[in-house]
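One file, query-v1.csv, carrying CSV, C-alpha atoms (C1' of nucleotides):
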chain,number,residue,atom,x,y,z
A,1,MET,CA,14.3,-9.7,-13.1
A,2,LYS,CA,11.0,-11.5,-13.5
A,3,LYS,CA,7.7,-9.6,-13.4
A,4,ARG,CA,6.9,-11.3,-10.1
A,5,ASP,CA,10.0,-9.8,-8.5
A,6,ALA,CA,9.3,-6.4,-10.1
A,7,VAL,CA,5.8,-6.2,-8.6
A,8,ALA,CA,7.2,-7.2,-5.2
A,9,ALA,CA,9.9,-4.5,-5.3
A,10,LEU,CA,7.4,-1.9,-6.6
A,11,ALA,CA,5.0,-2.7,-3.8
A,12,ALA,CA,7.7,-2.6,-1.2
A,13,LEU,CA,8.7,0.9,-2.3
A,14,ALA,CA,5.1,2.1,-2.8
A,15,GLN,CA,4.6,3.2,0.8
A,16,ASP,CA,5.6,6.4,2.4
A,17,ASN,CA,7.4,5.1,5.4
A,18,ARG,CA,9.1,2.3,3.5
A,19,LEU,CA,10.3,4.6,0.8
A,20,ASP,CA,11.8,6.8,3.5
A,21,VAL,CA,13.5,3.8,5.1
A,22,PHE,CA,14.9,2.7,1.8
A,23,ARG,CA,16.2,6.1,0.9
A,24,LEU,CA,17.8,6.4,4.3
A,25,LEU,CA,19.6,3.1,3.8
A,26,VAL,CA,20.7,4.1,0.3
A,27,GLU,CA,22.2,7.3,1.8
A,28,ALA,CA,23.9,5.2,4.5
A,29,GLY,CA,25.6,3.0,1.8
A,30,PRO,CA,26.6,-0.7,1.9
A,31,GLU,CA,27.5,-0.6,5.6
A,32,GLY,CA,23.9,-0.1,6.5
A,33,LEU,CA,22.3,1.2,9.7
A,34,PRO,CA,21.0,-0.3,12.9
A,35,ALA,CA,17.2,-0.6,13.1
A,36,GLY,CA,17.2,1.7,16.1
A,37,SER,CA,18.9,4.5,14.2
A,38,VAL,CA,16.4,4.3,11.4
A,39,ALA,CA,13.5,4.3,14.0
A,40,GLY,CA,15.0,7.4,15.6
A,41,THR,CA,15.6,9.3,12.4
A,42,LEU,CA,12.2,8.6,10.9
A,43,LYS,CA,10.3,8.5,14.2
A,44,LEU,CA,8.8,5.1,13.7
A,45,ALA,CA,7.7,2.7,16.4
A,46,PRO,CA,10.1,-0.3,16.5
A,47,ASN,CA,7.4,-2.9,15.8
A,48,THR,CA,6.1,-0.9,12.9
A,49,LEU,CA,9.6,-0.6,11.6
A,50,THR,CA,10.1,-4.3,11.8
A,51,PHE,CA,7.0,-4.8,9.8
A,52,HIS,CA,8.3,-2.5,7.0
A,53,PHE,CA,11.8,-4.0,7.1
A,54,ASP,CA,10.2,-7.5,6.6
A,55,ARG,CA,8.5,-6.3,3.5
A,56,LEU,CA,11.6,-4.7,2.1
A,57,ARG,CA,13.5,-7.9,2.8
A,58,ASP,CA,10.9,-10.1,1.2
A,59,ALA,CA,11.2,-8.0,-1.9
A,60,GLY,CA,15.0,-8.4,-1.8
A,61,LEU,CA,15.6,-4.7,-1.3
A,62,VAL,CA,17.5,-4.9,2.0
A,63,THR,CA,19.7,-7.3,3.9
A,64,VAL,CA,20.1,-7.8,7.7
A,65,ARG,CA,22.9,-8.9,9.9
A,66,ARG,CA,23.2,-8.8,13.7
A,67,ASP,CA,25.9,-6.8,15.4
A,68,GLY,CA,25.6,-7.3,19.1
A,69,ARG,CA,22.1,-6.3,20.2
A,70,SER,CA,21.6,-4.3,17.0
A,71,MET,CA,20.2,-5.5,13.7
A,72,ILE,CA,22.0,-3.8,10.8
A,73,TYR,CA,19.9,-3.2,7.7
A,74,ALA,CA,21.5,-2.3,4.4
A,75,ALA,CA,20.1,-1.5,0.9
A,76,ARG,CA,20.6,-4.0,-1.8
A,77,PHE,CA,21.7,-2.0,-4.7
A,78,ASP,CA,21.8,-4.9,-7.1
A,79,THR,CA,18.0,-5.4,-6.7
A,80,MET,CA,17.3,-1.7,-7.1
A,81,ASN,CA,19.4,-1.8,-10.2
A,82,ALA,CA,17.5,-4.8,-11.5
A,83,LEU,CA,14.2,-3.0,-10.9
A,84,LEU,CA,15.4,0.0,-12.8
A,85,GLY,CA,16.5,-2.3,-15.6
A,86,TYR,CA,13.1,-4.0,-15.6
A,87,LEU,CA,11.2,-0.8,-15.8
A,88,THR,CA,13.4,0.6,-18.5
A,89,GLU,CA,13.1,-2.5,-20.6
A,90,ASN,CA,9.4,-3.3,-20.1
A,91,CYS,CA,7.8,0.1,-19.6
A,92,CYS,CA,9.7,2.1,-22.2
A,93,GLU,CA,10.3,-0.4,-24.9
A,94,GLY,CA,10.7,1.0,-28.3
A,95,ARG,CA,10.4,4.6,-27.0
A,96,VAL,CA,13.8,5.0,-25.4
A,97,GLU,CA,14.0,8.5,-26.7
A,98,GLN,CA,10.9,9.5,-24.7
A,99,CYS,CA,11.3,7.5,-21.7
A,100,ALA,CA,15.0,6.8,-20.8
A,101,THR,CA,16.5,9.2,-18.2
A,102,PRO,CA,17.7,12.4,-19.9
A,103,GLU,CA,21.4,11.3,-19.5
A,104,CYS,CA,20.7,8.2,-21.4
A,105,ALA,CA,18.1,9.5,-23.8
A,106,SER,CA,20.4,9.6,-26.8
A,107,VAL,CA,21.9,6.2,-26.3
A,108,ASP,CA,20.4,3.5,-28.5
A,109,ILE,CA,20.0,0.3,-26.5
A,110,PRO,CA,19.4,-2.8,-28.6
A,111,SER,CA,18.3,-4.9,-25.7
A,112,LEU,CA,15.2,-2.7,-25.3
A,113,ARG,CA,13.6,-4.2,-28.3
A,114,LYS,CA,12.8,-7.5,-26.6
A,115,LYS,CA,9.6,-8.4,-24.8
A,116,GLU,CA,8.4,-10.5,-22.0
A,117,ARG,CA,5.2,-11.0,-20.1
A,118,VAL,CA,4.7,-13.4,-17.2
B,1,MET,CA,9.0,14.6,-9.3
B,2,LYS,CA,7.9,14.8,-5.7
B,3,LYS,CA,8.0,11.9,-3.3
B,4,ARG,CA,4.2,12.0,-3.2
B,5,ASP,CA,4.0,11.5,-6.9
B,6,ALA,CA,6.6,8.7,-6.9
B,7,VAL,CA,4.7,6.8,-4.2
B,8,ALA,CA,1.6,7.1,-6.3
B,9,ALA,CA,3.3,5.9,-9.5
B,10,LEU,CA,4.9,3.0,-7.7
B,11,ALA,CA,1.7,2.0,-6.1
B,12,ALA,CA,-0.1,2.2,-9.5
B,13,LEU,CA,2.5,-0.2,-11.1
B,14,ALA,CA,2.7,-2.5,-8.0
B,15,GLN,CA,-0.1,-4.7,-9.1
B,16,ASP,CA,-0.1,-7.6,-11.4
B,17,ASN,CA,-2.9,-6.6,-13.7
B,18,ARG,CA,-2.1,-2.9,-13.7
B,19,LEU,CA,1.6,-3.6,-14.6
B,20,ASP,CA,0.3,-5.8,-17.5
B,21,VAL,CA,-2.0,-3.0,-18.6
B,22,PHE,CA,0.7,-0.4,-18.5
B,23,ARG,CA,3.2,-2.6,-20.4
B,24,LEU,CA,0.6,-3.2,-23.0
B,25,LEU,CA,0.0,0.5,-23.4
B,26,VAL,CA,3.7,1.1,-23.6
B,27,GLU,CA,4.0,-1.5,-26.4
B,28,ALA,CA,1.1,0.2,-28.2
B,29,GLY,CA,2.9,3.5,-28.1
B,30,PRO,CA,1.5,7.1,-28.0
B,31,GLU,CA,-1.6,6.3,-30.1
B,32,GLY,CA,-2.9,4.1,-27.2
B,33,LEU,CA,-5.5,1.4,-27.3
B,34,PRO,CA,-9.2,1.2,-26.7
B,35,ALA,CA,-10.3,-0.2,-23.3
B,36,GLY,CA,-12.0,-3.1,-24.9
B,37,SER,CA,-8.9,-4.2,-26.7
B,38,VAL,CA,-6.9,-4.2,-23.5
B,39,ALA,CA,-9.7,-6.0,-21.7
B,40,GLY,CA,-9.7,-8.7,-24.5
B,41,THR,CA,-6.0,-9.1,-24.6
B,42,LEU,CA,-5.6,-9.4,-20.8
B,43,LYS,CA,-8.9,-11.1,-20.2
B,44,LEU,CA,-10.1,-8.6,-17.6
B,45,ALA,CA,-13.7,-7.7,-16.8
B,46,PRO,CA,-14.5,-4.3,-18.2
B,47,ASN,CA,-15.5,-2.8,-14.8
B,48,THR,CA,-12.3,-4.2,-13.2
B,49,LEU,CA,-10.3,-2.7,-16.0
B,50,THR,CA,-12.0,0.7,-15.4
B,51,PHE,CA,-10.9,0.5,-11.8
B,52,HIS,CA,-7.3,-0.1,-12.8
B,53,PHE,CA,-7.3,2.6,-15.5
B,54,ASP,CA,-8.6,5.0,-12.9
B,55,ARG,CA,-5.6,4.2,-10.6
B,56,LEU,CA,-3.1,4.5,-13.4
B,57,ARG,CA,-4.7,7.8,-14.4
B,58,ASP,CA,-4.7,9.2,-10.9
B,59,ALA,CA,-1.0,8.4,-10.8
B,60,GLY,CA,-0.5,10.3,-14.0
B,61,LEU,CA,0.7,7.2,-15.9
B,62,VAL,CA,-2.0,7.1,-18.6
B,63,THR,CA,-4.3,9.5,-20.5
B,64,VAL,CA,-7.7,8.9,-21.9
B,65,ARG,CA,-9.7,10.3,-24.8
B,66,ARG,CA,-12.9,9.2,-26.4
B,67,ASP,CA,-13.1,8.0,-30.0
B,68,GLY,CA,-16.7,7.1,-30.9
B,69,ARG,CA,-17.9,4.6,-28.4
B,70,SER,CA,-14.4,3.6,-27.4
B,71,MET,CA,-12.2,5.1,-24.7
B,72,ILE,CA,-8.6,5.2,-25.9
B,73,TYR,CA,-6.0,4.9,-23.1
B,74,ALA,CA,-2.3,5.7,-23.7
B,75,ALA,CA,0.8,5.5,-21.6
B,76,ARG,CA,2.3,8.7,-20.4
B,77,PHE,CA,6.0,8.3,-21.1
B,78,ASP,CA,6.9,11.6,-19.4
B,79,THR,CA,5.6,10.3,-16.1
B,80,MET,CA,7.4,7.0,-16.4
B,81,ASN,CA,10.6,8.9,-17.3
B,82,ALA,CA,10.1,11.1,-14.2
B,83,LEU,CA,9.7,8.1,-12.0
B,84,LEU,CA,12.9,6.5,-13.3
B,85,GLY,CA,14.6,9.7,-12.7
B,86,TYR,CA,13.3,9.9,-9.1
B,87,LEU,CA,14.3,6.4,-8.3
B,88,THR,CA,17.8,6.9,-9.8
B,89,GLU,CA,18.3,10.1,-7.9
B,90,ASN,CA,16.8,9.1,-4.6
B,91,CYS,CA,17.5,5.4,-4.4
B,92,CYS,CA,21.0,5.2,-5.9
B,93,GLU,CA,22.4,8.4,-4.7
B,94,GLY,CA,26.2,8.4,-4.4
B,95,ARG,CA,26.3,4.8,-5.7
B,96,VAL,CA,25.7,5.3,-9.4
B,97,GLU,CA,28.4,2.8,-10.2
B,98,GLN,CA,26.4,0.1,-8.4
B,99,CYS,CA,22.9,1.1,-9.2
B,100,ALA,CA,22.5,2.9,-12.5
B,101,THR,CA,21.4,0.8,-15.4
B,102,PRO,CA,24.4,-0.8,-17.2
B,103,GLU,CA,24.1,1.4,-20.2
B,104,CYS,CA,24.5,4.5,-17.9
B,105,ALA,CA,26.8,3.0,-15.3
B,106,SER,CA,29.9,4.7,-16.6
B,107,VAL,CA,28.3,8.1,-17.0
B,108,ASP,CA,28.9,10.5,-14.1
B,109,ILE,CA,25.8,12.5,-13.4
B,110,PRO,CA,26.3,15.5,-11.2
B,111,SER,CA,22.6,15.9,-10.5
B,112,LEU,CA,22.7,12.5,-8.7
B,113,ARG,CA,24.5,14.1,-5.8
B,114,LYS,CA,21.5,16.1,-4.5
B,115,LYS,CA,19.1,15.0,-1.8
B,116,GLU,CA,15.4,15.6,-1.0
B,117,ARG,CA,13.0,14.1,1.5
B,118,VAL,CA,9.3,15.1,1.7
C,1,DG,C1',21.4,-14.8,37.7
C,2,DC,C1',19.3,-10.1,37.1
C,3,DA,C1',18.8,-5.8,34.9
C,4,DT,C1',19.1,-3.2,30.6
C,5,DT,C1',19.0,-2.4,25.8
C,6,DA,C1',17.5,-3.6,21.0
C,7,DT,C1',14.4,-5.8,18.3
C,8,DT,C1',10.9,-9.0,17.2
C,9,DT,C1',6.4,-11.5,17.7
C,10,DC,C1',1.6,-11.7,18.6
C,11,DC,C1',-3.0,-9.9,18.6
C,12,DA,C1',-6.4,-6.6,17.6
C,13,DT,C1',-8.2,-3.1,14.5
C,14,DA,C1',-9.5,0.3,11.2
C,15,DT,C1',-8.7,1.1,6.6
C,16,DC,C1',-7.6,0.2,1.9
C,17,DC,C1',-7.7,-2.9,-2.3
C,18,DA,C1',-9.3,-5.9,-6.1
C,19,DT,C1',-13.0,-8.2,-7.9
C,20,DT,C1',-17.8,-9.2,-8.9
C,21,DG,C1',-22.7,-8.5,-10.4
C,22,DA,C1',-26.2,-5.5,-11.8
C,23,DA,C1',-27.6,-1.2,-13.4
C,24,DA,C1',-26.6,3.2,-15.7
C,25,DT,C1',-24.6,6.2,-19.3
C,26,DA,C1',-22.8,7.4,-23.9
C,27,DT,C1',-22.3,6.7,-28.8
C,28,DG,C1',-23.5,5.1,-33.3
C,29,DA,C1',-26.4,2.4,-36.5
C,30,DA,C1',-30.8,0.8,-38.4
D,1,DT,C1',-36.8,6.0,-31.8
D,2,DT,C1',-35.1,1.6,-30.8
D,3,DC,C1',-31.2,-1.4,-30.6
D,4,DA,C1',-26.6,-2.8,-29.9
D,5,DT,C1',-21.9,-1.8,-28.4
D,6,DA,C1',-18.5,0.2,-25.3
D,7,DT,C1',-17.5,1.7,-21.0
D,8,DT,C1',-18.5,3.4,-16.4
D,9,DT,C1',-20.8,3.7,-11.9
D,10,DC,C1',-22.6,1.6,-7.8
D,11,DA,C1',-22.9,-1.5,-3.9
D,12,DA,C1',-21.2,-5.5,-1.7
D,13,DT,C1',-17.5,-8.5,-0.2
D,14,DG,C1',-13.3,-11.1,1.1
D,15,DG,C1',-8.7,-10.3,1.7
D,16,DA,C1',-4.6,-7.5,2.4
D,17,DT,C1',-2.2,-3.5,4.7
D,18,DA,C1',-0.4,-0.4,8.3
D,19,DT,C1',-0.3,0.7,12.9
D,20,DG,C1',-0.5,0.2,18.0
D,21,DG,C1',-0.1,-2.1,22.6
D,22,DA,C1',1.7,-5.8,25.3
D,23,DA,C1',4.6,-9.5,25.8
D,24,DA,C1',8.6,-12.3,24.2
D,25,DT,C1',13.4,-13.0,22.6
D,26,DA,C1',18.3,-11.9,22.2
D,27,DA,C1',22.7,-10.0,23.6
D,28,DT,C1',25.4,-7.5,27.0
D,29,DG,C1',27.1,-5.9,31.4
D,30,DC,C1',27.0,-6.2,36.4
structure tokens encoding of this file:
Amino acid sequence: MKKRDAVAALAALAQDNRLDVFRLLVEAGPEGLPAGSVAGTLKLAPNTLTFHFDRLRDAGLVTVRRDGRSMIYAARFDTMNALLGYLTENCCEGRVEQCATPECASVDIPSLRKKERV
Amino acid sequence: MKKRDAVAALAALAQDNRLDVFRLLVEAGPEGLPAGSVAGTLKLAPNTLTFHFDRLRDAGLVTVRRDGRSMIYAARFDTMNALLGYLTENCCEGRVEQCATPECASVDIPSLRKKERV
DNA sequence: GCATTATTTCCATATCCATTGAAATATGAA
DNA sequence: TTCATATTTCAATGGATATGGAAATAATGC
């Protein structure tokens, strides 16, 4: 993942309602949820929700497909994975022991020695 | 980490210059870097840099201390770690195999089954 | 075709964000 | 004390963001 994409993904998740939307879609799994269902659960106006979906989609964090009258949105786990990878590599570099999640803290990861700035 | 803090940290990192600043501080390690050194490396105006440092600090991502005339900023690895934990728990829940970083993908983490929404 | 449901598009708006220039503060050296 | 260095504070500004209302589009059923 490039820096550009990481910033986009971070910005997409850095908003209360959007983070809720994304978490809801993550819970729902790969099948996704119709927009109306998300709107109902999170009590968001449909046009507001479209706005947020657009941003998540621009950041590559969700996919859409039509099913009858409904639009089904689903989380893109691959992008989320890439974002976690980016943050781990670029924001913990050389300090794995302090920064990696506890479960991974003891694992030495050679790839974390590399750098990149764009 | 609470949702509120996660959104703050995400927002702090979701900006080109700030992400650069943070990555530079991560590279520098716990000793940190004087503001002027960061400004020089990233070619940022000192007042602009202060603005970004403030936001990183509000999000708990950096610390400051004075050393003579210089202000030394340092990355807070604990907060970054907490953010990674939050994202892994809340945005990959139940799909560890798809979403956890490769190094951890095969590890089963019981704590990742829990939920929280604030 | 007409009505209904689901969602998006368009427009307006208030607020927030990032940057700039100029002035202020703090520290250290002569 | 005076000067230079390092950084912050303040005020102004253009641009982006999130939300709301009203209208438009798309798909389905009658």
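Using all atoms listed in the file, the chain D residues found within 12 Å of chain A amount to DT17, DA18, DT19, DG20, DG21, DA22, DT25, DA26, DA27 and DT28 of chain D.
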Chain B residues near chain A (6 Å cut-off, all atoms listed in the file) as number ranges by chain = B: 7, 10-11, 14, 23, 26, 77, 81, 85, 91, 99, 101
If you keep C-alpha atoms, can you produce a file of those selected residues as an mmCIF file, in the coordinates of the input?
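Final output, saved to part.cif:
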data_model
loop_
_atom_site.group_PDB
_atom_site.id
_atom_site.type_symbol
_atom_site.label_atom_id
_atom_site.label_comp_id
_atom_site.auth_asym_id
_atom_site.auth_seq_id
_atom_site.Cartn_x
_atom_site.Cartn_y
_atom_site.Cartn_z
ATOM 1 C CA VAL B 7 4.700 6.800 -4.200
ATOM 2 C CA LEU B 10 4.900 3.000 -7.700
ATOM 3 C CA ALA B 11 1.700 2.000 -6.100
ATOM 4 C CA ALA B 14 2.700 -2.500 -8.000
ATOM 5 C CA ARG B 23 3.200 -2.600 -20.400
ATOM 6 C CA VAL B 26 3.700 1.100 -23.600
ATOM 7 C CA PHE B 77 6.000 8.300 -21.100
ATOM 8 C CA ASN B 81 10.600 8.900 -17.300
ATOM 9 C CA GLY B 85 14.600 9.700 -12.700
ATOM 10 C CA CYS B 91 17.500 5.400 -4.400
ATOM 11 C CA CYS B 99 22.900 1.100 -9.200
ATOM 12 C CA THR B 101 21.400 0.800 -15.400
#
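Between C1' of DG15 in chain D and CA of Asp54 in chain A there is a distance of 19.7 Å.
Residues lying within 10 Å of (-23.0, -2.7, -10.3). Counted over all atoms listed in the file, they are Asn47 of chain B; DT20, DG21, DA22, DA23 and DA24 of chain C; DT8, DT9, DC10, DA11 and DA12 of chain D.
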Within 12 Å of Gly40 in chain A, counting only C-alpha atoms (C1' of nucleotides), which residues qualify if same-chain residues fewer than 5 places away don't, as a ChimeraX atom specification?
-> /A:21,24,33-35,45-46,49
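When only C-alpha atoms (C1' of nucleotides) are used to compute distances to chain C, the closest of the residues A:Asp58, A:Leu44, A:Ala74, A:Gly36 turns out to be A:Gly36.
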Kindly determine which residues of chain C lie within 9 Å of chain B, considering all atoms listed in the file, and give the answer as a ChimeraX atom specification.
-> /C:18-20,26-28
Filtering to C-alpha atoms (C1' of nucleotides), could you give me those residues as a PDB file, in the frame of the given file?
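What landed in out38.pdb:
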ATOM      1  C1'  DA C  18      -9.300  -5.900  -6.100  1.00  0.00           C
ATOM      2  C1'  DT C  19     -13.000  -8.200  -7.900  1.00  0.00           C
ATOM      3  C1'  DT C  20     -17.800  -9.200  -8.900  1.00  0.00           C
ATOM      4  C1'  DA C  26     -22.800   7.400 -23.900  1.00  0.00           C
ATOM      5  C1'  DT C  27     -22.300   6.700 -28.800  1.00  0.00           C
ATOM      6  C1'  DG C  28     -23.500   5.100 -33.300  1.00  0.00           C
TER       7       DG C  28
END
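The space between CA of Gly32 in chain B and CA of Asp5 in chain B spans 22.7 Å.
Rounded to one decimal, CA of Met71 in chain B and C1' of DC17 in chain C lie 24.2 Å from each other.
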Return the single residue from B:Val62, B:Met1, B:Leu56, B:Ile72 that is closest to Glu31 in chain B, with distances computed using all atoms listed in the file.
-> B:Ile72
For range 48-58 of chain A, supply all heavy atoms and report the output as a compact mmCIF listing (two decimals), in the frame of the given file.
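Dumped everything to out09.txt:
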# COMPACT_ATOMS: atom_id res chain seq x y z
N THR A 48 6.52 -1.29 14.22
CA THR A 48 6.10 -0.90 12.90
C THR A 48 7.28 -0.96 11.93
O THR A 48 7.15 -1.43 10.79
CB THR A 48 5.60 0.60 12.92
OG1 THR A 48 4.48 0.67 13.80
CG2 THR A 48 5.20 1.08 11.55
N LEU A 49 8.44 -0.55 12.40
CA LEU A 49 9.60 -0.60 11.60
C LEU A 49 9.98 -2.02 11.17
O LEU A 49 10.32 -2.30 10.02
CB LEU A 49 10.80 0.07 12.27
CG LEU A 49 12.06 0.26 11.43
CD1 LEU A 49 11.77 1.02 10.16
CD2 LEU A 49 13.13 0.97 12.24
N THR A 50 9.87 -2.93 12.13
CA THR A 50 10.10 -4.30 11.80
C THR A 50 9.23 -4.82 10.70
O THR A 50 9.66 -5.50 9.77
CB THR A 50 9.92 -5.21 13.07
OG1 THR A 50 10.86 -4.83 14.07
CG2 THR A 50 10.10 -6.68 12.75
N PHE A 51 7.97 -4.43 10.80
CA PHE A 51 7.00 -4.80 9.80
C PHE A 51 7.47 -4.31 8.38
O PHE A 51 7.46 -5.08 7.41
CB PHE A 51 5.63 -4.17 10.11
CG PHE A 51 4.61 -4.25 9.02
CD1 PHE A 51 3.88 -5.41 8.82
CD2 PHE A 51 4.36 -3.15 8.21
CE1 PHE A 51 2.92 -5.48 7.82
CE2 PHE A 51 3.41 -3.21 7.20
CZ PHE A 51 2.69 -4.38 7.01
N HIS A 52 7.91 -3.06 8.32
CA HIS A 52 8.30 -2.50 7.00
C HIS A 52 9.66 -3.16 6.56
O HIS A 52 9.82 -3.45 5.37
CB HIS A 52 8.48 -1.01 7.12
CG HIS A 52 7.17 -0.31 7.24
ND1 HIS A 52 6.13 -0.51 6.36
CD2 HIS A 52 6.69 0.57 8.16
CE1 HIS A 52 5.09 0.22 6.71
NE2 HIS A 52 5.40 0.89 7.81
N PHE A 53 10.58 -3.36 7.47
CA PHE A 53 11.80 -4.00 7.10
C PHE A 53 11.53 -5.42 6.52
O PHE A 53 12.14 -5.83 5.53
CB PHE A 53 12.73 -4.21 8.34
CG PHE A 53 13.58 -3.02 8.65
CD1 PHE A 53 13.84 -2.66 9.97
CD2 PHE A 53 14.17 -2.26 7.64
CE1 PHE A 53 14.65 -1.57 10.27
CE2 PHE A 53 14.98 -1.17 7.93
CZ PHE A 53 15.22 -0.82 9.25
N ASP A 54 10.59 -6.12 7.12
CA ASP A 54 10.20 -7.50 6.60
C ASP A 54 9.79 -7.40 5.16
O ASP A 54 10.16 -8.25 4.35
CB ASP A 54 9.11 -8.06 7.47
CG ASP A 54 9.62 -8.60 8.79
OD1 ASP A 54 10.86 -8.67 8.96
OD2 ASP A 54 8.79 -8.94 9.66
N ARG A 55 9.01 -6.38 4.86
CA ARG A 55 8.50 -6.30 3.50
C ARG A 55 9.62 -5.92 2.52
O ARG A 55 9.68 -6.43 1.40
CB ARG A 55 7.38 -5.26 3.40
CG ARG A 55 6.36 -5.44 4.49
CD ARG A 55 4.98 -5.01 4.10
NE ARG A 55 4.07 -6.09 4.40
CZ ARG A 55 3.20 -6.59 3.55
NH1 ARG A 55 3.11 -6.09 2.33
NH2 ARG A 55 2.42 -7.57 3.89
N LEU A 56 10.49 -5.04 2.96
CA LEU A 56 11.60 -4.70 2.10
C LEU A 56 12.50 -5.90 1.87
O LEU A 56 13.03 -6.12 0.78
CB LEU A 56 12.42 -3.53 2.72
CG LEU A 56 11.76 -2.15 2.67
CD1 LEU A 56 12.51 -1.15 3.54
CD2 LEU A 56 11.67 -1.63 1.24
N ARG A 57 12.64 -6.68 2.92
CA ARG A 57 13.50 -7.90 2.80
C ARG A 57 12.86 -8.93 1.94
O ARG A 57 13.54 -9.54 1.12
CB ARG A 57 13.74 -8.43 4.23
CG ARG A 57 15.01 -9.23 4.31
CD ARG A 57 15.62 -9.12 5.68
NE ARG A 57 14.91 -9.92 6.64
CZ ARG A 57 15.18 -11.21 6.86
NH1 ARG A 57 16.12 -11.81 6.17
NH2 ARG A 57 14.51 -11.88 7.76
N ASP A 58 11.57 -9.14 2.09
CA ASP A 58 10.90 -10.10 1.20
C ASP A 58 11.01 -9.71 -0.24
O ASP A 58 11.04 -10.58 -1.11
CB ASP A 58 9.38 -10.16 1.60
CG ASP A 58 9.16 -10.86 2.93
OD1 ASP A 58 10.10 -11.49 3.45
OD2 ASP A 58 8.04 -10.76 3.47
